[in-house]
Amino acid sequence: MNNITVVGVTTWGVTLGVLAGQSSNNKISILSRTEIEATKLSTENECSRFLPGVKFPDGCRFTHYADKALEDANVVIVAVPSHTFRENIIHIADAIPSDAILVSATKGLEMPQKLRMTEIVAQEISQEICDGMCVISGPNLAKEIVEGKPSSSVVASINESNAELVRDIIMRPTFRIYTSKDVSGVELCGTLKNIIAIGAGIVDGLGLGDNSKAAYITRGIAEITRLGVALGASSSTFAGLAGVGDIVATSFSKLSRNRYLGEQIAHGKTIKEITGNMNNVVEGIQTTRAAVELGEEYGVELPITEAIYKILFEDMSPLEGIQELMSRRPTSE
């Protein structure tokens with residue numbers, strides 16, 4: 001029997017809890033932020049805010065006490081926004097059993113240090129837990145997954161047996177999981193793809209057509225791969241599910257928050273206007289800032305990312321951004 005604790009009542013956290021709970025070999029606990037939230041989840045047996053109608057598995061426990069939620073846990077899945085990841089890790093650090101496998105289901109970088117989630121864990125928890133940590137990322141639009149539509153993802157860890165255990169816990173007939181040892185690559189793919197998704201939304205919002213979108217996404221993949229390799233990732237990871245797969249999903253889906261942001265920017269709305277009406281965090285905004293800084297630090301050319309940065313933070317119009325990219329000096333692919 002696996003005792004699994006999910007930290008974070010987010011769309012993705014709820015989805016992973018539901019998937020894991022579909023096996024009789026798994027016992028699920030959900031750690032919420034407040035007692036009120038825990039009571040609401042228990043009473044309704046669903047997360048009506050993010051996934052209304054999706055019921056939690058039988059026997060699922062809900063609590064806002066970390067020690068109670070993590071008692072006897074052998075797998076701890078953290079699925080929170082990147083900007084709250086550290087405070088959540090600090091909150092649960094003393095309650096995590098020493099032999100538990102910690103899983104990050106968070107996509108993003110912590111600002112201003114530009115840290116990946118595993119790097120945060122290395123600072124806040126024992127090295128032993130960090131060394132056995134797993135990360136999960138891929139083309140994972142939660143609503144489609146809980147609806148049983150065929151999907152795939154990647155679980156990465158330098159500890160192969162840990163990755164295989166986490167894989168087996170969440171894999172289902174309609175949710176196929178692959179394993180990887182490229183932890184930094186899988187994390188960076190899940191982070192940097194959001195930049196590309198914002199630009200894809202801008203292309204959609206301006207009605208520029210399929211040729212434009214195909215060219216933009218292709219060059220965007222090449223660009224974030226360069227940055228990822230400079231940061232120690234494998235280029236092949238960017239060509240897989242965590243990279244191209246996630247980029248395709250978030251660049252085309254109406255469910256993608258980052259694509260939606262770009263589309264609405266193209267329609268003339270401000271970031272504040274767009275995000276003010278959204279329940280979930282748009283990670284790509286701060287990721288764009290982080291990527292520009294990393295590109296400067298590592299000497300990596302990032303023309304697409306820089307153009308999106310100017311649109312987000314320097315009041316450049318989307319059309320000016322496109323003109324800037326199209327007028328760059330000719331070069332080989």
# chains A, B, ... in the order shown; residues from 1 in each chain; ligands from 1
$ select_by_dssp --residues "range 11-103 of chain A" --states "strand (DSSP E)" --output "list in words"
Asn26, Lys27, Ile28, Ser29, Ile30, Leu31, Glu46, Cys47, Leu51, Pro52, Gly53, Val54, Lys55, Arg61, Phe62, Thr63, Val75, Val76, Ile77, Val78, Ile101, Leu102 and Val103 of chain A
$ closest_atom_pairs --of "range 148-233 of chain A" --to "range 94-101 of chain A" --cutoff "10 Å" --atoms "only C-alpha atoms" --output "CSV"
residue,atom,partner,partner_atom,distance
A:Asn162,CA,A:Ile101,CA,7.0
A:Ala163,CA,A:Ile101,CA,9.3
A:Leu165,CA,A:Ile101,CA,9.3
A:Val166,CA,A:Ile101,CA,8.4
$ write_last_selection --atoms "N, CA, C and O atoms" --output "compact mmCIF listing (two decimals), in the first residue's frame"
# COMPACT_ATOMS: atom_id res chain seq x y z
N ASN A 162 12.93 5.22 -7.96
CA ASN A 162 11.94 6.19 -7.48
C ASN A 162 11.05 6.66 -8.62
O ASN A 162 9.83 6.78 -8.48
N ALA A 163 11.66 6.95 -9.77
CA ALA A 163 10.89 7.38 -10.94
C ALA A 163 9.91 6.30 -11.37
O ALA A 163 8.76 6.59 -11.74
N LEU A 165 8.58 3.97 -9.43
CA LEU A 165 7.50 3.86 -8.45
C LEU A 165 6.46 4.95 -8.67
O LEU A 165 5.24 4.69 -8.69
N VAL A 166 6.91 6.19 -8.85
CA VAL A 166 5.98 7.29 -9.08
C VAL A 166 5.22 7.07 -10.38
O VAL A 166 4.02 7.32 -10.47
$ residues_around --residues "range 50-58 of chain A" --least-positions-apart "4" --cutoff "8 Å" --atoms "only C-alpha atoms" --output "PyMOL selection string"
chain A and resi 10-11+14+17-18+21-22+28+45-46+143+146
$ closest_residue --among "A:Val248, A:Ile196, A:Ile145, A:Cys47" --to "Arg176 in chain A" --atoms "only C-alpha atoms"
A:Ile145
$ residues_around --residues "range 316-332 of chain A" --least-positions-apart "4" --cutoff "12 Å" --atoms "only C-alpha atoms" --output "VMD selection string"
chain A and resid 198 to 208 212 to 213 215 to 216 219 to 220 262 to 270 302 to 312
$ write_last_selection --atoms "N, CA, C and O atoms" --output "short mmCIF file (atom, residue, chain, number, x, y, z; two decimals), in the first residue's frame"
data_model
loop_
_atom_site.label_atom_id
_atom_site.label_comp_id
_atom_site.auth_asym_id
_atom_site.auth_seq_id
_atom_site.Cartn_x
_atom_site.Cartn_y
_atom_site.Cartn_z
N ILE A 198 2.81 31.88 -24.81
CA ILE A 198 2.34 33.26 -24.83
C ILE A 198 2.42 33.83 -26.24
O ILE A 198 1.47 34.44 -26.75
N GLY A 199 3.56 33.63 -26.89
CA GLY A 199 3.73 34.13 -28.25
C GLY A 199 2.77 33.47 -29.24
O GLY A 199 2.27 34.11 -30.17
N ALA A 200 2.51 32.17 -29.03
CA ALA A 200 1.56 31.47 -29.90
C ALA A 200 0.17 32.09 -29.77
O ALA A 200 -0.56 32.23 -30.76
N GLY A 201 -0.17 32.49 -28.55
CA GLY A 201 -1.46 33.16 -28.35
C GLY A 201 -1.51 34.51 -29.04
O GLY A 201 -2.55 34.91 -29.58
N ILE A 202 -0.38 35.21 -29.05
CA ILE A 202 -0.32 36.49 -29.76
C ILE A 202 -0.55 36.27 -31.25
O ILE A 202 -1.30 37.02 -31.90
N VAL A 203 0.10 35.25 -31.81
CA VAL A 203 -0.09 34.93 -33.24
C VAL A 203 -1.56 34.64 -33.52
O VAL A 203 -2.13 35.11 -34.51
N ASP A 204 -2.20 33.87 -32.63
CA ASP A 204 -3.62 33.56 -32.80
C ASP A 204 -4.47 34.83 -32.70
O ASP A 204 -5.39 35.05 -33.51
N GLY A 205 -4.16 35.64 -31.70
CA GLY A 205 -4.95 36.85 -31.48
C GLY A 205 -4.88 37.83 -32.63
O GLY A 205 -5.86 38.55 -32.89
N LEU A 206 -3.75 37.85 -33.30
CA LEU A 206 -3.58 38.75 -34.45
C LEU A 206 -4.08 38.12 -35.74
O LEU A 206 -4.10 38.78 -36.78
N GLY A 207 -4.45 36.85 -35.69
CA GLY A 207 -4.96 36.17 -36.88
C GLY A 207 -3.92 36.03 -37.97
O GLY A 207 -4.23 36.18 -39.16
N LEU A 208 -2.71 35.69 -37.60
CA LEU A 208 -1.60 35.65 -38.57
C LEU A 208 -1.50 34.35 -39.34
O LEU A 208 -0.67 34.24 -40.25
N SER A 212 2.63 31.33 -39.96
CA SER A 212 3.28 32.14 -38.93
C SER A 212 3.44 31.36 -37.64
O SER A 212 4.51 31.38 -37.01
N LYS A 213 2.38 30.66 -37.25
CA LYS A 213 2.43 29.94 -35.98
C LYS A 213 3.43 28.78 -36.04
O LYS A 213 4.18 28.54 -35.09
N ALA A 215 6.12 28.56 -37.98
CA ALA A 215 7.48 29.11 -37.99
C ALA A 215 7.87 29.60 -36.60
O ALA A 215 8.98 29.35 -36.12
N TYR A 216 6.94 30.28 -35.96
CA TYR A 216 7.21 30.82 -34.62
C TYR A 216 7.52 29.70 -33.63
O TYR A 216 8.50 29.77 -32.88
N ARG A 219 10.97 27.94 -34.37
CA ARG A 219 12.12 28.74 -33.93
C ARG A 219 12.14 28.91 -32.41
O ARG A 219 13.21 29.01 -31.80
N GLY A 220 10.97 28.93 -31.81
CA GLY A 220 10.90 29.01 -30.35
C GLY A 220 11.49 27.78 -29.69
O GLY A 220 12.20 27.87 -28.68
N GLY A 262 -1.53 35.52 -24.16
CA GLY A 262 -1.01 36.12 -25.38
C GLY A 262 -2.11 36.55 -26.33
O GLY A 262 -2.03 37.63 -26.94
N GLU A 263 -3.13 35.74 -26.46
CA GLU A 263 -4.25 36.06 -27.34
C GLU A 263 -4.94 37.35 -26.90
O GLU A 263 -5.27 38.22 -27.73
N GLN A 264 -5.15 37.48 -25.60
CA GLN A 264 -5.83 38.66 -25.08
C GLN A 264 -4.95 39.92 -25.17
O GLN A 264 -5.45 41.02 -25.40
N ILE A 265 -3.64 39.75 -25.03
CA ILE A 265 -2.72 40.87 -25.23
C ILE A 265 -2.83 41.36 -26.67
O ILE A 265 -2.84 42.57 -26.92
N ALA A 266 -2.91 40.44 -27.60
CA ALA A 266 -3.06 40.81 -29.01
C ALA A 266 -4.36 41.55 -29.27
O ALA A 266 -4.46 42.35 -30.21
N HIS A 267 -5.34 41.30 -28.42
CA HIS A 267 -6.64 41.99 -28.54
C HIS A 267 -6.64 43.35 -27.84
O HIS A 267 -7.66 44.03 -27.81
N GLY A 268 -5.50 43.72 -27.26
CA GLY A 268 -5.37 45.04 -26.67
C GLY A 268 -5.57 45.12 -25.17
O GLY A 268 -5.54 46.22 -24.59
N LYS A 269 -5.73 43.99 -24.50
CA LYS A 269 -5.93 44.01 -23.05
C LYS A 269 -4.60 44.05 -22.32
O LYS A 269 -3.58 43.59 -22.84
N THR A 270 -4.61 44.57 -21.10
CA THR A 270 -3.40 44.61 -20.28
C THR A 270 -3.26 43.31 -19.49
O THR A 270 -4.24 42.57 -19.30
N LEU A 302 18.42 34.96 -27.53
CA LEU A 302 17.00 34.63 -27.34
C LEU A 302 16.11 35.71 -27.94
O LEU A 302 15.39 36.41 -27.23
N PRO A 303 16.11 35.85 -29.26
CA PRO A 303 15.34 36.95 -29.87
C PRO A 303 13.84 36.87 -29.63
O PRO A 303 13.18 37.90 -29.40
N ILE A 304 13.27 35.67 -29.68
CA ILE A 304 11.82 35.53 -29.47
C ILE A 304 11.47 35.88 -28.02
O ILE A 304 10.52 36.64 -27.76
N THR A 305 12.21 35.32 -27.09
CA THR A 305 11.96 35.60 -25.67
C THR A 305 12.10 37.08 -25.37
O THR A 305 11.30 37.66 -24.62
N GLU A 306 13.12 37.71 -25.96
CA GLU A 306 13.32 39.14 -25.73
C GLU A 306 12.18 39.97 -26.31
O GLU A 306 11.77 40.97 -25.71
N ALA A 307 11.66 39.56 -27.45
CA ALA A 307 10.52 40.28 -28.03
C ALA A 307 9.29 40.16 -27.14
O ALA A 307 8.57 41.15 -26.91
N ILE A 308 9.03 38.96 -26.62
CA ILE A 308 7.89 38.76 -25.74
C ILE A 308 8.08 39.55 -24.44
O ILE A 308 7.13 40.14 -23.90
N TYR A 309 9.31 39.59 -23.96
CA TYR A 309 9.62 40.39 -22.76
C TYR A 309 9.25 41.86 -23.00
O TYR A 309 8.63 42.50 -22.14
N LYS A 310 9.62 42.40 -24.15
CA LYS A 310 9.32 43.79 -24.44
C LYS A 310 7.81 44.03 -24.53
O LYS A 310 7.32 45.09 -24.11
N ILE A 311 7.09 43.05 -25.05
CA ILE A 311 5.63 43.17 -25.13
C ILE A 311 5.01 43.14 -23.74
O ILE A 311 4.10 43.92 -23.42
N LEU A 312 5.53 42.26 -22.88
CA LEU A 312 4.97 42.11 -21.53
C LEU A 312 5.35 43.25 -20.59
O LEU A 312 4.53 43.69 -19.78
#
$ residues_around --residues "range 111-113 of chain A" --least-positions-apart "6" --cutoff "8 Å" --atoms "only C-alpha atoms" --output "number ranges by chain"
A: 83, 286, 290
$ closest_residue --among "A:Val183, A:Val75, A:Leu115, A:Ile129" --to "Lys27 in chain A" --atoms "only C-alpha atoms"
A:Val75
$ closest_atom_pairs --of "range 235-286 of chain A" --to "range 102-107 of chain A" --cutoff "12 Å" --atoms "only C-alpha atoms" --output "Markdown table"
| residue | atom | partner | partner_atom | distance |
| --- | --- | --- | --- | --- |
| A:Ala242 | CA | A:Lys107 | CA | 11.0 |
| A:Asp246 | CA | A:Lys107 | CA | 11.4 |
| A:Val281 | CA | A:Lys107 | CA | 10.7 |
| A:Val282 | CA | A:Lys107 | CA | 10.4 |
| A:Glu283 | CA | A:Lys107 | CA | 7.5 |
| A:Gly284 | CA | A:Lys107 | CA | 9.5 |
| A:Gln286 | CA | A:Lys107 | CA | 11.6 |
$ write_last_selection --atoms "N, CA and C atoms" --output "PDB file, in the first residue's frame"
ATOM      1  N   ALA A 242       8.187  16.291 -22.676  1.00  0.00           N
ATOM      2  CA  ALA A 242       8.311  17.438 -21.776  1.00  0.00           C
ATOM      3  C   ALA A 242       8.602  18.718 -22.535  1.00  0.00           C
ATOM      4  N   ASP A 246       4.754  19.327 -24.736  1.00  0.00           N
ATOM      5  CA  ASP A 246       4.112  20.342 -23.899  1.00  0.00           C
ATOM      6  C   ASP A 246       3.928  21.643 -24.669  1.00  0.00           C
ATOM      7  N   VAL A 281      -2.512  30.761 -11.828  1.00  0.00           N
ATOM      8  CA  VAL A 281      -1.358  31.610 -12.106  1.00  0.00           C
ATOM      9  C   VAL A 281      -0.878  31.390 -13.538  1.00  0.00           C
ATOM     10  N   VAL A 282      -0.500  32.484 -14.210  1.00  0.00           N
ATOM     11  CA  VAL A 282       0.101  32.405 -15.544  1.00  0.00           C
ATOM     12  C   VAL A 282       1.619  32.437 -15.353  1.00  0.00           C
ATOM     13  N   GLU A 283       2.233  31.259 -15.311  1.00  0.00           N
ATOM     14  CA  GLU A 283       3.654  31.150 -14.975  1.00  0.00           C
ATOM     15  C   GLU A 283       4.563  31.807 -16.011  1.00  0.00           C
ATOM     16  N   GLY A 284       4.106  31.880 -17.249  1.00  0.00           N
ATOM     17  CA  GLY A 284       4.964  32.373 -18.319  1.00  0.00           C
ATOM     18  C   GLY A 284       5.383  33.827 -18.193  1.00  0.00           C
ATOM     19  N   GLN A 286       6.495  35.631 -15.422  1.00  0.00           N
ATOM     20  CA  GLN A 286       7.767  35.750 -14.723  1.00  0.00           C
ATOM     21  C   GLN A 286       8.847  34.861 -15.336  1.00  0.00           C
TER      22      GLN A 286
END
$ closest_atom_pairs --of "range 100-192 of chain A" --to "range 223-226 of chain A" --cutoff "9 Å" --atoms "only C-alpha atoms" --output "tab-separated table"
residue	atom	partner	partner_atom	distance
A:Leu188	CA	A:Ile224	CA	8.8
A:Cys189	CA	A:Ile224	CA	8.0
A:Leu192	CA	A:Ile224	CA	6.5
$ atom_distance --atom1 "CA of Val78 in chain A" --atom2 "CA of Val292 in chain A"
27.0 Å
$ closest_residue --among "A:Asp131, A:Glu44, A:Glu147, A:Glu160" --to "Tyr178 in chain A" --atoms "only C-alpha atoms"
A:Glu160
$ closest_residue --among "A:Gly245, A:Gly13, A:Gly108, A:Gly8" --to "His91 in chain A" --atoms "only C-alpha atoms"
A:Gly8
$ atom_distance --atom1 "CA of Ala230 in chain A" --atom2 "CA of Asn159 in chain A"
23.4 Å
$ atom_distance --atom1 "CA of Glu110 in chain A" --atom2 "CA of Ser82 in chain A"
6.1 Å
$ select_by_dssp --residues "range 237-329 of chain A" --states "helix (DSSP H, G or I)" --output "PyMOL selection string"
chain A and resi 237-238+241-252+257-266+271-275+284-298+303-313+318-326
$ decode --residues "range 4-31 of chain A" --atoms "N, CA, C and O atoms" --output "mmCIF file, in the first residue's frame"
data_model
loop_
_atom_site.group_PDB
_atom_site.id
_atom_site.type_symbol
_atom_site.label_atom_id
_atom_site.label_comp_id
_atom_site.auth_asym_id
_atom_site.auth_seq_id
_atom_site.Cartn_x
_atom_site.Cartn_y
_atom_site.Cartn_z
ATOM 1 N N ILE A 4 0.062 8.296 -0.146
ATOM 2 C CA ILE A 4 0.426 9.425 -0.999
ATOM 3 C C ILE A 4 -0.215 10.696 -0.474
ATOM 4 O O ILE A 4 -1.426 10.754 -0.243
ATOM 5 N N THR A 5 0.602 11.712 -0.293
ATOM 6 C CA THR A 5 0.099 13.022 0.134
ATOM 7 C C THR A 5 0.271 14.019 -1.001
ATOM 8 O O THR A 5 1.355 14.138 -1.565
ATOM 9 N N VAL A 6 -0.799 14.726 -1.329
ATOM 10 C CA VAL A 6 -0.756 15.787 -2.330
ATOM 11 C C VAL A 6 -0.795 17.122 -1.602
ATOM 12 O O VAL A 6 -1.720 17.400 -0.838
ATOM 13 N N VAL A 7 0.234 17.939 -1.828
ATOM 14 C CA VAL A 7 0.318 19.260 -1.221
ATOM 15 C C VAL A 7 -0.114 20.282 -2.277
ATOM 16 O O VAL A 7 0.562 20.477 -3.281
ATOM 17 N N GLY A 8 -1.251 20.913 -2.051
ATOM 18 C CA GLY A 8 -1.724 21.919 -2.999
ATOM 19 C C GLY A 8 -3.030 21.529 -3.652
ATOM 20 O O GLY A 8 -3.098 20.536 -4.387
ATOM 21 N N VAL A 9 -4.074 22.285 -3.388
ATOM 22 C CA VAL A 9 -5.373 22.036 -4.007
ATOM 23 C C VAL A 9 -5.472 22.877 -5.275
ATOM 24 O O VAL A 9 -6.278 23.809 -5.389
ATOM 25 N N THR A 10 -4.592 22.564 -6.215
ATOM 26 C CA THR A 10 -4.591 23.204 -7.527
ATOM 27 C C THR A 10 -5.252 22.254 -8.531
ATOM 28 O O THR A 10 -5.520 21.091 -8.209
ATOM 29 N N THR A 11 -5.484 22.731 -9.724
ATOM 30 C CA THR A 11 -6.081 21.876 -10.752
ATOM 31 C C THR A 11 -5.233 20.632 -10.976
ATOM 32 O O THR A 11 -5.740 19.508 -11.050
ATOM 33 N N TRP A 12 -3.921 20.826 -11.084
ATOM 34 C CA TRP A 12 -3.017 19.720 -11.346
ATOM 35 C C TRP A 12 -2.865 18.833 -10.115
ATOM 36 O O TRP A 12 -2.807 17.601 -10.213
ATOM 37 N N GLY A 13 -2.817 19.416 -8.939
ATOM 38 C CA GLY A 13 -2.722 18.632 -7.724
ATOM 39 C C GLY A 13 -3.931 17.733 -7.541
ATOM 40 O O GLY A 13 -3.803 16.538 -7.209
ATOM 41 N N VAL A 14 -5.111 18.288 -7.740
ATOM 42 C CA VAL A 14 -6.346 17.503 -7.637
ATOM 43 C C VAL A 14 -6.335 16.374 -8.659
ATOM 44 O O VAL A 14 -6.684 15.226 -8.352
ATOM 45 N N THR A 15 -5.916 16.682 -9.881
ATOM 46 C CA THR A 15 -5.882 15.672 -10.944
ATOM 47 C C THR A 15 -4.964 14.511 -10.571
ATOM 48 O O THR A 15 -5.327 13.338 -10.718
ATOM 49 N N LEU A 16 -3.768 14.819 -10.080
ATOM 50 C CA LEU A 16 -2.830 13.767 -9.701
ATOM 51 C C LEU A 16 -3.367 12.955 -8.526
ATOM 52 O O LEU A 16 -3.188 11.727 -8.472
ATOM 53 N N GLY A 17 -4.026 13.602 -7.575
ATOM 54 C CA GLY A 17 -4.621 12.886 -6.467
ATOM 55 C C GLY A 17 -5.714 11.929 -6.923
ATOM 56 O O GLY A 17 -5.806 10.789 -6.448
ATOM 57 N N VAL A 18 -6.539 12.392 -7.842
ATOM 58 C CA VAL A 18 -7.618 11.553 -8.375
ATOM 59 C C VAL A 18 -7.043 10.369 -9.140
ATOM 60 O O VAL A 18 -7.491 9.225 -8.982
ATOM 61 N N LEU A 19 -6.019 10.615 -9.964
ATOM 62 C CA LEU A 19 -5.400 9.527 -10.727
ATOM 63 C C LEU A 19 -4.811 8.473 -9.805
ATOM 64 O O LEU A 19 -5.038 7.272 -9.982
ATOM 65 N N ALA A 20 -4.028 8.924 -8.829
ATOM 66 C CA ALA A 20 -3.399 7.983 -7.906
ATOM 67 C C ALA A 20 -4.442 7.213 -7.108
ATOM 68 O O ALA A 20 -4.277 6.020 -6.832
ATOM 69 N N GLY A 21 -5.529 7.889 -6.760
ATOM 70 C CA GLY A 21 -6.564 7.269 -5.949
ATOM 71 C C GLY A 21 -7.416 6.263 -6.692
ATOM 72 O O GLY A 21 -8.214 5.544 -6.067
ATOM 73 N N GLN A 22 -7.269 6.182 -7.997
ATOM 74 C CA GLN A 22 -8.036 5.210 -8.771
ATOM 75 C C GLN A 22 -7.517 3.787 -8.601
ATOM 76 O O GLN A 22 -8.148 2.832 -9.040
ATOM 77 N N SER A 23 -6.361 3.640 -7.960
ATOM 78 C CA SER A 23 -5.821 2.320 -7.655
ATOM 79 C C SER A 23 -6.088 1.977 -6.197
ATOM 80 O O SER A 23 -5.876 2.801 -5.303
ATOM 81 N N SER A 24 -6.525 0.756 -5.943
ATOM 82 C CA SER A 24 -6.797 0.319 -4.570
ATOM 83 C C SER A 24 -5.526 0.165 -3.760
ATOM 84 O O SER A 24 -5.578 0.016 -2.534
ATOM 85 N N ASN A 25 -4.373 0.215 -4.446
ATOM 86 C CA ASN A 25 -3.083 0.108 -3.755
ATOM 87 C C ASN A 25 -2.608 1.446 -3.187
ATOM 88 O O ASN A 25 -1.566 1.496 -2.530
ATOM 89 N N ASN A 26 -3.358 2.505 -3.460
ATOM 90 C CA ASN A 26 -2.924 3.842 -3.044
ATOM 91 C C ASN A 26 -3.938 4.479 -2.092
ATOM 92 O O ASN A 26 -5.145 4.466 -2.351
ATOM 93 N N LYS A 27 -3.415 5.042 -1.007
ATOM 94 C CA LYS A 27 -4.224 5.795 -0.061
ATOM 95 C C LYS A 27 -3.842 7.267 -0.173
ATOM 96 O O LYS A 27 -2.659 7.610 -0.096
ATOM 97 N N ILE A 28 -4.824 8.147 -0.346
ATOM 98 C CA ILE A 28 -4.555 9.545 -0.676
ATOM 99 C C ILE A 28 -4.920 10.484 0.470
ATOM 100 O O ILE A 28 -5.987 10.372 1.081
ATOM 101 N N SER A 29 -4.006 11.427 0.738
ATOM 102 C CA SER A 29 -4.281 12.528 1.665
ATOM 103 C C SER A 29 -4.050 13.840 0.927
ATOM 104 O O SER A 29 -3.098 13.950 0.146
ATOM 105 N N ILE A 30 -4.902 14.815 1.165
ATOM 106 C CA ILE A 30 -4.792 16.129 0.528
ATOM 107 C C ILE A 30 -4.519 17.175 1.607
ATOM 108 O O ILE A 30 -5.291 17.310 2.556
ATOM 109 N N LEU A 31 -3.402 17.889 1.456
ATOM 110 C CA LEU A 31 -3.066 18.964 2.392
ATOM 111 C C LEU A 31 -3.525 20.296 1.814
ATOM 112 O O LEU A 31 -3.028 20.751 0.780
#
